[in-house]
Structure formats: structure tokens, C-alpha cells
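Here is my_file.csv, consisting of CSV, N, CA, C and O atoms:
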```
chain,number,residue,atom,x,y,z
I,1,MET,N,-23.5,-10.7,29.7
I,1,MET,CA,-24.7,-11.0,30.5
I,1,MET,C,-25.6,-11.9,29.7
I,1,MET,O,-25.7,-11.8,28.5
I,2,ARG,N,-26.4,-12.6,30.5
I,2,ARG,CA,-27.4,-13.5,29.9
I,2,ARG,C,-28.7,-13.2,30.5
I,2,ARG,O,-28.8,-12.6,31.5
I,3,ALA,N,-29.8,-13.5,29.8
I,3,ALA,CA,-31.1,-13.3,30.2
I,3,ALA,C,-31.9,-14.6,30.1
I,3,ALA,O,-31.5,-15.6,29.4
I,4,PHE,N,-33.1,-14.7,30.8
I,4,PHE,CA,-33.9,-15.9,30.7
I,4,PHE,C,-35.3,-15.6,31.0
I,4,PHE,O,-35.7,-14.6,31.6
I,5,HIS,N,-36.2,-16.5,30.5
I,5,HIS,CA,-37.6,-16.5,30.8
I,5,HIS,C,-38.0,-17.9,31.0
I,5,HIS,O,-37.3,-18.9,30.7
I,6,ARG,N,-39.2,-18.1,31.6
I,6,ARG,CA,-39.7,-19.5,31.8
I,6,ARG,C,-40.3,-20.0,30.5
I,6,ARG,O,-40.8,-19.2,29.7
I,7,GLY,N,-40.2,-21.3,30.3
I,7,GLY,CA,-40.8,-21.9,29.1
I,7,GLY,C,-41.6,-23.1,29.5
I,7,GLY,O,-41.5,-23.6,30.6
I,8,TYR,N,-42.4,-23.6,28.6
I,8,TYR,CA,-43.2,-24.8,28.8
I,8,TYR,C,-42.9,-25.9,27.9
I,8,TYR,O,-43.2,-27.0,28.2
I,9,ASP,N,-42.4,-25.6,26.7
I,9,ASP,CA,-42.0,-26.7,25.8
I,9,ASP,C,-40.6,-26.5,25.4
I,9,ASP,O,-40.2,-25.8,24.5
I,10,PRO,N,-39.7,-27.2,26.2
I,10,PRO,CA,-38.2,-27.0,26.0
I,10,PRO,C,-37.7,-27.3,24.6
I,10,PRO,O,-36.8,-26.8,24.1
I,11,ASP,N,-38.5,-28.2,23.9
I,11,ASP,CA,-38.0,-28.6,22.5
I,11,ASP,C,-38.3,-27.5,21.5
I,11,ASP,O,-37.6,-27.3,20.5
I,12,LYS,N,-39.4,-26.7,21.8
I,12,LYS,CA,-39.7,-25.7,20.8
I,12,LYS,C,-39.4,-24.3,21.4
I,12,LYS,O,-39.6,-23.3,20.6
I,13,GLY,N,-39.0,-24.1,22.6
I,13,GLY,CA,-38.7,-22.8,23.2
I,13,GLY,C,-39.9,-22.0,23.4
I,13,GLY,O,-39.8,-20.8,23.6
I,14,ARG,N,-41.1,-22.6,23.4
I,14,ARG,CA,-42.4,-21.8,23.6
I,14,ARG,C,-42.5,-21.4,25.1
I,14,ARG,O,-42.1,-22.1,25.9
I,15,ARG,N,-43.3,-20.4,25.3
I,15,ARG,CA,-43.6,-20.0,26.7
I,15,ARG,C,-45.1,-19.9,26.9
I,15,ARG,O,-45.8,-19.7,25.9
I,16,GLY,N,-45.5,-20.1,28.1
I,16,GLY,CA,-46.9,-20.0,28.4
I,16,GLY,C,-47.4,-18.6,28.3
I,16,GLY,O,-46.6,-17.7,28.4
I,17,PRO,N,-48.7,-18.4,28.2
I,17,PRO,CA,-49.2,-17.0,28.0
I,17,PRO,C,-49.0,-16.1,29.3
I,17,PRO,O,-49.0,-14.9,29.2
I,18,GLU,N,-48.8,-16.8,30.4
I,18,GLU,CA,-48.6,-16.0,31.7
I,18,GLU,C,-47.2,-15.6,31.9
I,18,GLU,O,-46.9,-14.8,32.8
I,19,ILE,N,-46.3,-16.0,31.0
I,19,ILE,CA,-44.9,-15.6,31.1
I,19,ILE,C,-44.7,-14.3,30.4
I,19,ILE,O,-44.9,-14.2,29.2
I,20,ARG,N,-44.4,-13.3,31.2
I,20,ARG,CA,-44.3,-11.9,30.7
I,20,ARG,C,-42.9,-11.2,31.0
I,20,ARG,O,-42.7,-10.2,30.4
I,21,ARG,N,-42.1,-11.8,31.8
I,21,ARG,CA,-40.9,-11.1,32.2
I,21,ARG,C,-39.7,-11.8,31.7
I,21,ARG,O,-39.6,-13.0,31.6
I,22,LEU,N,-38.7,-10.9,31.3
I,22,LEU,CA,-37.4,-11.4,30.9
I,22,LEU,C,-36.4,-11.0,32.0
I,22,LEU,O,-36.3,-9.8,32.4
I,23,HIS,N,-35.8,-12.0,32.6
I,23,HIS,CA,-34.9,-11.7,33.8
I,23,HIS,C,-33.5,-11.7,33.3
I,23,HIS,O,-33.1,-12.3,32.3
I,24,ILE,N,-32.6,-11.0,34.1
I,24,ILE,CA,-31.2,-11.0,33.9
I,24,ILE,C,-30.5,-12.0,34.8
I,24,ILE,O,-30.8,-12.0,36.0
I,25,MET,N,-29.7,-12.9,34.3
I,25,MET,CA,-29.1,-14.0,35.1
I,25,MET,C,-28.1,-13.4,36.0
I,25,MET,O,-27.2,-12.6,35.7
I,26,ARG,N,-28.1,-13.9,37.3
I,26,ARG,CA,-27.1,-13.6,38.3
I,26,ARG,C,-25.8,-14.4,37.9
I,26,ARG,O,-25.9,-15.5,37.6
I,27,GLU,N,-24.7,-13.7,37.8
I,27,GLU,CA,-23.4,-14.3,37.4
I,27,GLU,C,-22.4,-14.5,38.5
I,27,GLU,O,-21.4,-15.1,38.3
I,28,THR,N,-22.7,-13.9,39.7
I,28,THR,CA,-21.8,-14.0,40.8
I,28,THR,C,-22.7,-14.3,42.1
I,28,THR,O,-23.9,-14.2,42.1
I,29,GLY,N,-22.0,-14.8,43.1
I,29,GLY,CA,-22.7,-15.1,44.4
I,29,GLY,C,-23.4,-16.4,44.4
I,29,GLY,O,-23.2,-17.2,43.5
I,30,GLN,N,-24.3,-16.5,45.4
I,30,GLN,CA,-25.1,-17.8,45.5
I,30,GLN,C,-26.0,-17.9,44.3
I,30,GLN,O,-26.6,-17.0,43.9
I,31,PHE,N,-26.1,-19.1,43.8
I,31,PHE,CA,-27.0,-19.5,42.7
I,31,PHE,C,-26.5,-18.8,41.4
I,31,PHE,O,-27.4,-18.5,40.5
I,32,ALA,N,-25.3,-18.5,41.2
I,32,ALA,CA,-24.8,-17.8,40.0
I,32,ALA,C,-25.1,-18.7,38.8
I,32,ALA,O,-24.8,-19.9,38.9
I,33,GLY,N,-25.6,-18.2,37.8
I,33,GLY,CA,-26.0,-18.9,36.6
I,33,GLY,C,-27.2,-19.7,36.7
I,33,GLY,O,-27.6,-20.5,35.8
I,34,ARG,N,-27.9,-19.6,37.9
I,34,ARG,CA,-29.1,-20.4,38.1
I,34,ARG,C,-30.3,-19.6,38.6
I,34,ARG,O,-31.3,-20.1,38.9
I,35,GLN,N,-30.1,-18.3,38.7
I,35,GLN,CA,-31.1,-17.4,39.3
I,35,GLN,C,-31.0,-16.0,38.7
I,35,GLN,O,-30.0,-15.6,38.3
I,36,GLY,N,-32.2,-15.4,38.6
I,36,GLY,CA,-32.2,-14.0,38.2
I,36,GLY,C,-31.7,-13.0,39.3
I,36,GLY,O,-31.7,-13.4,40.4
I,37,LEU,N,-31.3,-11.8,38.9
I,37,LEU,CA,-30.9,-10.8,39.8
I,37,LEU,C,-32.0,-10.5,40.8
I,37,LEU,O,-31.7,-10.1,42.0
I,38,CYS,N,-33.2,-10.7,40.5
I,38,CYS,CA,-34.4,-10.5,41.3
I,38,CYS,C,-34.7,-11.6,42.2
I,38,CYS,O,-35.5,-11.5,43.1
I,39,GLY,N,-34.0,-12.8,42.0
I,39,GLY,CA,-34.2,-14.0,42.8
I,39,GLY,C,-35.1,-15.0,42.1
I,39,GLY,O,-35.4,-16.1,42.7
I,40,SER,N,-35.6,-14.7,40.9
I,40,SER,CA,-36.4,-15.6,40.2
I,40,SER,C,-35.6,-16.9,39.8
I,40,SER,O,-34.5,-16.7,39.4
I,41,ALA,N,-36.2,-18.0,40.0
I,41,ALA,CA,-35.5,-19.3,39.7
I,41,ALA,C,-35.2,-19.4,38.2
I,41,ALA,O,-36.1,-19.3,37.4
I,42,GLY,N,-34.0,-19.7,37.9
I,42,GLY,CA,-33.6,-20.0,36.5
I,42,GLY,C,-33.3,-21.4,36.3
I,42,GLY,O,-32.6,-21.8,35.3
I,43,TRP,N,-33.7,-22.3,37.1
I,43,TRP,CA,-33.5,-23.7,37.0
I,43,TRP,C,-34.8,-24.4,36.6
I,43,TRP,O,-35.9,-23.8,36.6
I,44,ALA,N,-34.8,-25.7,36.2
I,44,ALA,CA,-36.0,-26.4,35.7
I,44,ALA,C,-36.9,-26.7,36.9
I,44,ALA,O,-36.4,-27.0,38.0
I,45,HIS,N,-38.2,-26.5,36.6
I,45,HIS,CA,-39.2,-26.9,37.6
I,45,HIS,C,-39.9,-28.1,37.0
I,45,HIS,O,-39.6,-28.6,35.9
I,46,ARG,N,-40.9,-28.6,37.7
I,46,ARG,CA,-41.6,-29.8,37.3
I,46,ARG,C,-42.2,-29.6,35.9
I,46,ARG,O,-42.2,-30.5,35.1
I,47,THR,N,-42.8,-28.5,35.6
I,47,THR,CA,-43.5,-28.3,34.3
I,47,THR,C,-42.9,-27.3,33.4
I,47,THR,O,-43.4,-27.0,32.3
I,48,THR,N,-41.9,-26.6,33.9
I,48,THR,CA,-41.2,-25.6,33.1
I,48,THR,C,-39.7,-25.7,33.1
I,48,THR,O,-39.2,-26.3,34.0
I,49,THR,N,-39.1,-25.1,32.2
I,49,THR,CA,-37.7,-25.0,32.1
I,49,THR,C,-37.3,-23.5,31.8
I,49,THR,O,-38.1,-22.8,31.3
I,50,ALA,N,-36.1,-23.2,32.1
I,50,ALA,CA,-35.6,-21.8,31.8
I,50,ALA,C,-35.1,-21.8,30.4
I,50,ALA,O,-34.4,-22.7,29.9
I,51,VAL,N,-35.5,-20.7,29.7
I,51,VAL,CA,-35.0,-20.5,28.3
I,51,VAL,C,-34.0,-19.4,28.4
I,51,VAL,O,-34.4,-18.2,28.6
I,52,VAL,N,-32.7,-19.8,28.2
I,52,VAL,CA,-31.6,-18.8,28.4
I,52,VAL,C,-31.3,-18.2,27.1
I,52,VAL,O,-31.2,-18.8,26.0
I,53,ILE,N,-31.1,-16.9,27.1
I,53,ILE,CA,-30.7,-16.1,25.9
I,53,ILE,C,-29.3,-15.5,26.2
I,53,ILE,O,-29.1,-14.7,27.1
I,54,ASP,N,-28.4,-16.0,25.4
I,54,ASP,CA,-27.0,-15.7,25.6
I,54,ASP,C,-26.4,-15.2,24.3
I,54,ASP,O,-26.4,-16.0,23.3
I,55,PRO,N,-26.0,-14.0,24.1
I,55,PRO,CA,-25.9,-12.9,25.1
I,55,PRO,C,-27.3,-12.2,25.3
I,55,PRO,O,-28.2,-12.4,24.4
I,56,MET,N,-27.4,-11.5,26.3
I,56,MET,CA,-28.7,-10.8,26.6
I,56,MET,C,-29.0,-9.8,25.5
I,56,MET,O,-28.1,-9.1,25.1
I,57,PRO,N,-30.2,-9.8,25.0
I,57,PRO,CA,-30.6,-8.9,23.9
I,57,PRO,C,-30.8,-7.4,24.4
I,57,PRO,O,-31.0,-7.2,25.6
I,58,ALA,N,-30.6,-6.5,23.5
I,58,ALA,CA,-30.9,-5.1,23.9
I,58,ALA,C,-32.4,-4.8,24.1
I,58,ALA,O,-32.7,-4.0,24.9
I,59,GLU,N,-33.2,-5.6,23.4
I,59,GLU,CA,-34.7,-5.5,23.5
I,59,GLU,C,-35.2,-6.8,23.9
I,59,GLU,O,-34.7,-7.8,23.3
I,60,PRO,N,-36.2,-6.9,24.7
I,60,PRO,CA,-36.8,-8.2,25.0
I,60,PRO,C,-37.5,-8.8,23.8
I,60,PRO,O,-38.0,-8.0,23.0
I,61,PRO,N,-37.6,-10.1,23.7
I,61,PRO,CA,-38.4,-10.8,22.6
I,61,PRO,C,-39.8,-10.3,22.6
I,61,PRO,O,-40.3,-9.9,23.7
I,62,PRO,N,-40.5,-10.4,21.5
I,62,PRO,CA,-41.9,-10.0,21.5
I,62,PRO,C,-42.8,-10.7,22.6
I,62,PRO,O,-42.6,-11.9,22.8
I,63,GLY,N,-43.6,-10.0,23.2
I,63,GLY,CA,-44.5,-10.5,24.2
I,63,GLY,C,-43.9,-10.5,25.6
I,63,GLY,O,-44.5,-10.8,26.6
I,64,LEU,N,-42.6,-10.1,25.8
I,64,LEU,CA,-41.9,-10.0,27.1
I,64,LEU,C,-41.5,-8.6,27.4
I,64,LEU,O,-41.3,-7.8,26.5
I,65,GLU,N,-41.4,-8.3,28.7
I,65,GLU,CA,-40.9,-7.0,29.2
I,65,GLU,C,-39.8,-7.3,30.1
I,65,GLU,O,-39.8,-8.4,30.8
I,66,TRP,N,-38.9,-6.4,30.3
I,66,TRP,CA,-37.8,-6.6,31.3
I,66,TRP,C,-38.4,-6.7,32.7
I,66,TRP,O,-39.3,-6.0,33.0
I,67,CYS,N,-37.8,-7.5,33.5
I,67,CYS,CA,-38.1,-7.5,34.9
I,67,CYS,C,-37.5,-6.3,35.6
I,67,CYS,O,-36.3,-6.0,35.5
I,68,PRO,N,-38.3,-5.4,36.2
I,68,PRO,CA,-37.9,-4.1,36.7
I,68,PRO,C,-36.8,-4.3,37.8
I,68,PRO,O,-35.8,-3.6,37.9
I,69,ALA,N,-37.0,-5.3,38.7
I,69,ALA,CA,-36.0,-5.6,39.7
I,69,ALA,C,-34.7,-6.0,39.2
I,69,ALA,O,-33.6,-5.5,39.7
I,70,CYS,N,-34.7,-6.8,38.2
I,70,CYS,CA,-33.4,-7.3,37.5
I,70,CYS,C,-32.7,-6.1,36.9
I,70,CYS,O,-31.5,-6.0,37.0
I,71,VAL,N,-33.4,-5.3,36.2
I,71,VAL,CA,-32.8,-4.1,35.5
I,71,VAL,C,-32.2,-3.1,36.5
I,71,VAL,O,-31.1,-2.7,36.3
I,72,GLY,N,-32.9,-2.9,37.6
I,72,GLY,CA,-32.4,-2.0,38.6
I,72,GLY,C,-31.1,-2.5,39.3
I,72,GLY,O,-30.2,-1.8,39.5
I,73,ARG,N,-31.1,-3.8,39.6
I,73,ARG,CA,-29.9,-4.4,40.2
I,73,ARG,C,-28.8,-4.5,39.2
I,73,ARG,O,-27.6,-4.3,39.6
I,74,ALA,N,-29.1,-4.7,37.9
I,74,ALA,CA,-28.0,-4.7,36.9
I,74,ALA,C,-27.4,-3.4,36.8
I,74,ALA,O,-26.2,-3.2,36.7
I,75,ALA,N,-28.2,-2.3,36.8
I,75,ALA,CA,-27.7,-0.9,36.7
I,75,ALA,C,-26.8,-0.6,37.9
I,75,ALA,O,-25.8,0.0,37.8
I,76,GLU,N,-27.3,-1.1,39.1
I,76,GLU,CA,-26.4,-0.9,40.3
I,76,GLU,C,-25.1,-1.6,40.2
I,76,GLU,O,-24.1,-1.0,40.5
I,77,ASN,N,-25.2,-2.8,39.8
I,77,ASN,CA,-23.9,-3.6,39.6
I,77,ASN,C,-23.0,-3.0,38.6
I,77,ASN,O,-21.7,-3.1,38.8
I,78,ALA,N,-23.5,-2.4,37.6
I,78,ALA,CA,-22.7,-1.8,36.6
I,78,ALA,C,-22.3,-0.3,36.9
I,78,ALA,O,-21.6,0.3,36.1
I,79,GLY,N,-22.7,0.2,38.1
I,79,GLY,CA,-22.3,1.5,38.5
I,79,GLY,C,-23.1,2.6,37.7
I,79,GLY,O,-22.7,3.7,37.6
I,80,GLN,N,-24.3,2.2,37.2
I,80,GLN,CA,-25.1,3.1,36.4
I,80,GLN,C,-26.4,3.6,37.1
I,80,GLN,O,-27.3,4.2,36.5
I,81,LEU,N,-26.6,3.2,38.4
I,81,LEU,CA,-27.8,3.5,39.1
I,81,LEU,C,-28.1,5.0,39.2
I,81,LEU,O,-29.2,5.5,39.0
I,82,ARG,N,-27.0,5.8,39.5
I,82,ARG,CA,-27.2,7.3,39.5
I,82,ARG,C,-27.6,7.9,38.2
I,82,ARG,O,-28.5,8.7,38.1
I,83,TRP,N,-27.0,7.4,37.1
I,83,TRP,CA,-27.4,7.8,35.8
I,83,TRP,C,-28.8,7.5,35.5
I,83,TRP,O,-29.6,8.3,35.0
I,84,MET,N,-29.3,6.3,35.8
I,84,MET,CA,-30.7,5.9,35.6
I,84,MET,C,-31.6,6.7,36.4
I,84,MET,O,-32.7,7.2,35.9
I,85,ALA,N,-31.3,7.0,37.7
I,85,ALA,CA,-32.2,7.8,38.5
I,85,ALA,C,-32.2,9.3,37.9
I,85,ALA,O,-33.3,9.9,37.9
I,86,ALA,N,-31.1,9.8,37.5
I,86,ALA,CA,-31.1,11.1,36.9
I,86,ALA,C,-32.0,11.2,35.6
I,86,ALA,O,-32.7,12.2,35.4
I,87,ALA,N,-31.9,10.1,34.8
I,87,ALA,CA,-32.7,10.1,33.6
I,87,ALA,C,-34.2,10.0,33.9
I,87,ALA,O,-35.0,10.7,33.2
I,88,LEU,N,-34.5,9.3,34.9
I,88,LEU,CA,-35.9,9.2,35.3
I,88,LEU,C,-36.4,10.5,35.9
I,88,LEU,O,-37.5,11.0,35.7
I,89,ALA,N,-35.6,11.2,36.7
I,89,ALA,CA,-35.9,12.5,37.3
I,89,ALA,C,-36.2,13.6,36.2
I,89,ALA,O,-36.9,14.5,36.3
I,90,ALA,N,-35.5,13.4,35.1
I,90,ALA,CA,-35.6,14.4,34.0
I,90,ALA,C,-36.9,14.2,33.2
I,90,ALA,O,-37.2,15.1,32.4
I,91,LEU,N,-37.6,13.1,33.4
I,91,LEU,CA,-38.8,12.9,32.6
I,91,LEU,C,-39.9,13.8,32.9
I,91,LEU,O,-40.5,14.1,33.8
```
Please express the file's structure as C-alpha cells.
Amino acid sequence: MRAFHRGYDPDKGRRGPEIRRLHIMRETGQFAGRQGLCGSAGWAHRTTTAVVIDPMPAEPPPGLEWCPACVGRAAENAGQLRWMAAALAAL
């Protein structure tokens, strides 16, 4: 699996202060390799580019948090959604 976040300086890999989410890259279906599981664009925009992290890290880089929608869909795709729900219910 790969992850990505938006960046503002592609040469330095820096991100803007409003970039807070780390998304999981969609690997199948429409826009595979170009979009997050949540639907977030993983392609270049006019002022930003996607910073791809391959392989996906176990913990997000400093200053970022996992996209909740991406994590939920990845758990479902991996057949782990019931386990995740049970873990949350146990809290």
C-alpha cells in the first residue's frame, strides 16, 4: 500500500500548514494510483502536487493524521472492519 498527502514545494517535499491528512492510495478501480480511498485527489493541481510515500508508513509523518475515511475503507478492503469495530466497542 501507498499513502500520500498534498504538498506545495515538490522540490523540497514541504506541505502547507493546512495539510493535515495522510491518505491511503486507491490501488484498484477507477483512478487507481491517482486517488485516495476517500476520493481525495492524488494528482497534481495548479499549486500543489501529491507527495507519495511508498510503502505506506505504520505511523503518519509528524504533523499529519490518518484520513479516517481512508483507514475505514482500507480496513474493509482487508477484511478487518469487524475486528476494528469490535476493538472500538471494547473501549
Between CA of Ile19 in chain I and CA of Ala75 in chain I, distance in Å (one decimal): 23.3 Å
Backbone DSSP call of strand (DSSP E or B) for chain I, listed as number ranges by chain: I: 3-7, 9, 14, 21-25, 35-36, 41, 49-53, 65-66
Residue among I:His5, I:Met84, I:Ala90, I:Gly79 lying closest to Trp43 in chain I, counting all atoms listed in the file: I:His5
Residue contacts of range 60-74 of chain I (8 Å, only C-alpha atoms) excluding same-chain residues fewer than 4 positions away, as a PDB file with N, CA, C and O atoms, keeping the file's coordinate frame:
```pdb
ATOM      1  N   ILE I  19     -46.300 -16.000  31.000  1.00  0.00           N
ATOM      2  CA  ILE I  19     -44.900 -15.600  31.100  1.00  0.00           C
ATOM      3  C   ILE I  19     -44.700 -14.300  30.400  1.00  0.00           C
ATOM      4  O   ILE I  19     -44.900 -14.200  29.200  1.00  0.00           O
ATOM      5  N   ARG I  20     -44.400 -13.300  31.200  1.00  0.00           N
ATOM      6  CA  ARG I  20     -44.300 -11.900  30.700  1.00  0.00           C
ATOM      7  C   ARG I  20     -42.900 -11.200  31.000  1.00  0.00           C
ATOM      8  O   ARG I  20     -42.700 -10.200  30.400  1.00  0.00           O
ATOM      9  N   ARG I  21     -42.100 -11.800  31.800  1.00  0.00           N
ATOM     10  CA  ARG I  21     -40.900 -11.100  32.200  1.00  0.00           C
ATOM     11  C   ARG I  21     -39.700 -11.800  31.700  1.00  0.00           C
ATOM     12  O   ARG I  21     -39.600 -13.000  31.600  1.00  0.00           O
ATOM     13  N   LEU I  22     -38.700 -10.900  31.300  1.00  0.00           N
ATOM     14  CA  LEU I  22     -37.400 -11.400  30.900  1.00  0.00           C
ATOM     15  C   LEU I  22     -36.400 -11.000  32.000  1.00  0.00           C
ATOM     16  O   LEU I  22     -36.300  -9.800  32.400  1.00  0.00           O
ATOM     17  N   HIS I  23     -35.800 -12.000  32.600  1.00  0.00           N
ATOM     18  CA  HIS I  23     -34.900 -11.700  33.800  1.00  0.00           C
ATOM     19  C   HIS I  23     -33.500 -11.700  33.300  1.00  0.00           C
ATOM     20  O   HIS I  23     -33.100 -12.300  32.300  1.00  0.00           O
ATOM     21  N   ILE I  24     -32.600 -11.000  34.100  1.00  0.00           N
ATOM     22  CA  ILE I  24     -31.200 -11.000  33.900  1.00  0.00           C
ATOM     23  C   ILE I  24     -30.500 -12.000  34.800  1.00  0.00           C
ATOM     24  O   ILE I  24     -30.800 -12.000  36.000  1.00  0.00           O
ATOM     25  N   GLY I  36     -32.200 -15.400  38.600  1.00  0.00           N
ATOM     26  CA  GLY I  36     -32.200 -14.000  38.200  1.00  0.00           C
ATOM     27  C   GLY I  36     -31.700 -13.000  39.300  1.00  0.00           C
ATOM     28  O   GLY I  36     -31.700 -13.400  40.400  1.00  0.00           O
ATOM     29  N   LEU I  37     -31.300 -11.800  38.900  1.00  0.00           N
ATOM     30  CA  LEU I  37     -30.900 -10.800  39.800  1.00  0.00           C
ATOM     31  C   LEU I  37     -32.000 -10.500  40.800  1.00  0.00           C
ATOM     32  O   LEU I  37     -31.700 -10.100  42.000  1.00  0.00           O
ATOM     33  N   CYS I  38     -33.200 -10.700  40.500  1.00  0.00           N
ATOM     34  CA  CYS I  38     -34.400 -10.500  41.300  1.00  0.00           C
ATOM     35  C   CYS I  38     -34.700 -11.600  42.200  1.00  0.00           C
ATOM     36  O   CYS I  38     -35.500 -11.500  43.100  1.00  0.00           O
ATOM     37  N   ALA I  78     -23.500  -2.400  37.600  1.00  0.00           N
ATOM     38  CA  ALA I  78     -22.700  -1.800  36.600  1.00  0.00           C
ATOM     39  C   ALA I  78     -22.300  -0.300  36.900  1.00  0.00           C
ATOM     40  O   ALA I  78     -21.600   0.300  36.100  1.00  0.00           O
ATOM     41  N   LEU I  81     -26.600   3.200  38.400  1.00  0.00           N
ATOM     42  CA  LEU I  81     -27.800   3.500  39.100  1.00  0.00           C
ATOM     43  C   LEU I  81     -28.100   5.000  39.200  1.00  0.00           C
ATOM     44  O   LEU I  81     -29.200   5.500  39.000  1.00  0.00           O
TER      45      LEU I  81
END
```
DSSP alpha helix (DSSP H) selection over chain I, as an NGL selection string: :I and (68-77 or 81-89)
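Taking all atoms listed in the file, the non-local environment of Val51 in chain I within 6 Å (same-chain residues fewer than 6 positions away omitted) comprises Ala3, Phe4, His5, Arg6 and Gly7 of chain I.
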Selected residues written out, N, CA, C and O atoms, as a JSON list (two decimals), keeping the file's coordinate frame:
```json
[["chain", "number", "residue", "atom", "x", "y", "z"],
["I", 3, "ALA", "N", -29.80, -13.50, 29.80],
["I", 3, "ALA", "CA", -31.10, -13.30, 30.20],
["I", 3, "ALA", "C", -31.90, -14.60, 30.10],
["I", 3, "ALA", "O", -31.50, -15.60, 29.40],
["I", 4, "PHE", "N", -33.10, -14.70, 30.80],
["I", 4, "PHE", "CA", -33.90, -15.90, 30.70],
["I", 4, "PHE", "C", -35.30, -15.60, 31.00],
["I", 4, "PHE", "O", -35.70, -14.60, 31.60],
["I", 5, "HIS", "N", -36.20, -16.50, 30.50],
["I", 5, "HIS", "CA", -37.60, -16.50, 30.80],
["I", 5, "HIS", "C", -38.00, -17.90, 31.00],
["I", 5, "HIS", "O", -37.30, -18.90, 30.70],
["I", 6, "ARG", "N", -39.20, -18.10, 31.60],
["I", 6, "ARG", "CA", -39.70, -19.50, 31.80],
["I", 6, "ARG", "C", -40.30, -20.00, 30.50],
["I", 6, "ARG", "O", -40.80, -19.20, 29.70],
["I", 7, "GLY", "N", -40.20, -21.30, 30.30],
["I", 7, "GLY", "CA", -40.80, -21.90, 29.10],
["I", 7, "GLY", "C", -41.60, -23.10, 29.50],
["I", 7, "GLY", "O", -41.50, -23.60, 30.60]]
```
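Interatomic distance, atom N of Ala50 in chain I against CA of Gln80 in chain I: 28.8 Å.
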Hey, what's within 8 Å of Met1 in chain I if we count only N, CA, C and O atoms and toss same-chain stuff fewer than 4 positions away? As a short mmCIF file (atom, residue, chain, number, x, y, z; two decimals) with N, CA, C and O atoms, in the frame of the given file, please?
```
data_model
loop_
_atom_site.label_atom_id
_atom_site.label_comp_id
_atom_site.auth_asym_id
_atom_site.auth_seq_id
_atom_site.Cartn_x
_atom_site.Cartn_y
_atom_site.Cartn_z
N HIS I 23 -35.80 -12.00 32.60
CA HIS I 23 -34.90 -11.70 33.80
C HIS I 23 -33.50 -11.70 33.30
O HIS I 23 -33.10 -12.30 32.30
N ILE I 24 -32.60 -11.00 34.10
CA ILE I 24 -31.20 -11.00 33.90
C ILE I 24 -30.50 -12.00 34.80
O ILE I 24 -30.80 -12.00 36.00
N MET I 25 -29.70 -12.90 34.30
CA MET I 25 -29.10 -14.00 35.10
C MET I 25 -28.10 -13.40 36.00
O MET I 25 -27.20 -12.60 35.70
N GLU I 27 -24.70 -13.70 37.80
CA GLU I 27 -23.40 -14.30 37.40
C GLU I 27 -22.40 -14.50 38.50
O GLU I 27 -21.40 -15.10 38.30
N ILE I 53 -31.10 -16.90 27.10
CA ILE I 53 -30.70 -16.10 25.90
C ILE I 53 -29.30 -15.50 26.20
O ILE I 53 -29.10 -14.70 27.10
N ASP I 54 -28.40 -16.00 25.40
CA ASP I 54 -27.00 -15.70 25.60
C ASP I 54 -26.40 -15.20 24.30
O ASP I 54 -26.40 -16.00 23.30
N PRO I 55 -26.00 -14.00 24.10
CA PRO I 55 -25.90 -12.90 25.10
C PRO I 55 -27.30 -12.20 25.30
O PRO I 55 -28.20 -12.40 24.40
N MET I 56 -27.40 -11.50 26.30
CA MET I 56 -28.70 -10.80 26.60
C MET I 56 -29.00 -9.80 25.50
O MET I 56 -28.10 -9.10 25.10
N PRO I 57 -30.20 -9.80 25.00
CA PRO I 57 -30.60 -8.90 23.90
C PRO I 57 -30.80 -7.40 24.40
O PRO I 57 -31.00 -7.20 25.60
#
```
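One distance worth recording is that between atom C of Thr28 in chain I and atom N of Arg2 in chain I, which is 12.3 Å.
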